[in-house]
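Participant: Structure incoming, see below.
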Amino acid sequence: MLHADEFDEFYTSTYRRLVGQLYAMLGDLSEAEDAVQEAYCRAWQRRSKLNEYDNPEAWVRTVAYRIAVSSWRRTRNRLAAHRRHGPHQPVESVDTGDLDLVGALAGLPYEQRRVLVLHHLVGLPLADICRETGSPLGTVKSRLARGRQALAQHVAEFRGTAHGRISEDV
């Protein structure tokens, strides 16, 4: 069982990273912060089991992502109104290159966006992405390839990889 001070350390060392990852996946900083905060509340309730998980940070990220998806399903009309008013102001600590990437990611279907973030920003290997998303390897590879192809016109990093095969060890 994680004691309060251990949980505080876990929270402090992972919160900003997870918010950044969810922000890249969701394209909305407020939604990312809300989902991550709720995921940590659930992690606190399960702190007796949290350190039994292979990767507690991945558990929190997955829960946060699921919370966001559930929120989207319940609040489609609210999100449509939000989008009409434009994006949030950029966060000072975010590099403008990161903002360009997040903007380009926002135009992708959310499942493509999610695997791109997990692979390129989080650095997870394909097998871990399969476990975290519950998707077969072929689906993950396809989403990566399609996402890279879509990003190639916006992000130079993906220009050389847009049409290449994705190997299992990538």
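Note on naming: chains are A, B, ... as they come in the structure tokens, residues start from 1 per chain, ligands start from 1 in the order shown.
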Can you tell me, as a list in words, what residues are no more than 12 Å from Asp8 of chain A when counting only C-alpha atoms, ignoring any on the same chain fewer than 4 positions away?
Facilitator: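 In the requested format, the answer is Leu2, His3, Ala4, Thr12, Ser13, Thr14, Tyr15, Tyr40, Cys41, Ala43, Trp44 and Arg47 of chain A.
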Participant: May I have the residues from that selection written out with C-alpha atoms, as a short mmCIF file (atom, residue, chain, number, x, y, z; two decimals), in the first residue's frame?
Facilitator:
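Contents of the output file result17.cif:
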data_model
loop_
_atom_site.label_atom_id
_atom_site.label_comp_id
_atom_site.auth_asym_id
_atom_site.auth_seq_id
_atom_site.Cartn_x
_atom_site.Cartn_y
_atom_site.Cartn_z
CA LEU A 2 1.29 3.44 -0.88
CA HIS A 3 1.35 5.72 2.13
CA ALA A 4 0.25 9.33 1.76
CA THR A 12 4.36 15.14 -7.95
CA SER A 13 6.75 13.22 -10.19
CA THR A 14 4.15 12.20 -12.81
CA TYR A 15 1.37 14.82 -12.87
CA TYR A 40 -5.40 10.53 -9.57
CA CYS A 41 -8.46 10.66 -7.30
CA ALA A 43 -5.67 6.08 -7.93
CA TRP A 44 -5.78 7.49 -4.38
CA ARG A 47 -3.58 3.18 -3.46
#
Participant: Separation of atom CA of Tyr11 of chain A and atom CA of Val63 of chain A, in Å?
Facilitator: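 Rounded to one decimal, the two atoms are 14.5 Å apart.
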Participant: Given the choices A:His120, A:Arg146, A:His154, A:Arg66, which gets closest to Thr133 of chain A if the distance is worked out from only C-alpha atoms?
Facilitator: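 Residue with the minimum atom-to-atom distance to Thr133 of chain A: A:Arg66.
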Participant: Interatomic distance between atom CA of Ala24 of chain A and atom CA of Gly138 of chain A?
Facilitator: 22.8 Å
Participant: Just give me the gap between atom CA of Pro56 of chain A and atom CA of Leu108 of chain A in Å, one decimal is fine.
Facilitator: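 One can read the atom CA of Pro56 of chain A to atom CA of Leu108 of chain A distance as 27.8 Å.
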Participant: Excluding Val102 of chain A and its own-chain neighbours fewer than 6 positions away, which residues fall within 10 Å of it when counting only C-alpha atoms? Please give them as a list in words.
Facilitator: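 Everything that qualifies: Tyr23, Ala24, Met25, Leu26, Gly27, Asp28, Thr96, Arg113 and Val117 of chain A.
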Participant: Would you list the contacts of Leu118 of chain A as a PyMOL selection string, taking every protein, DNA or RNA residue within 12 Å and counting only C-alpha atoms, but skipping same-chain residues closer than 4 positions in sequence?
Facilitator: chain A and resi 17-18+20-25+58+61-62+65+111-114+122-133+140+143-144
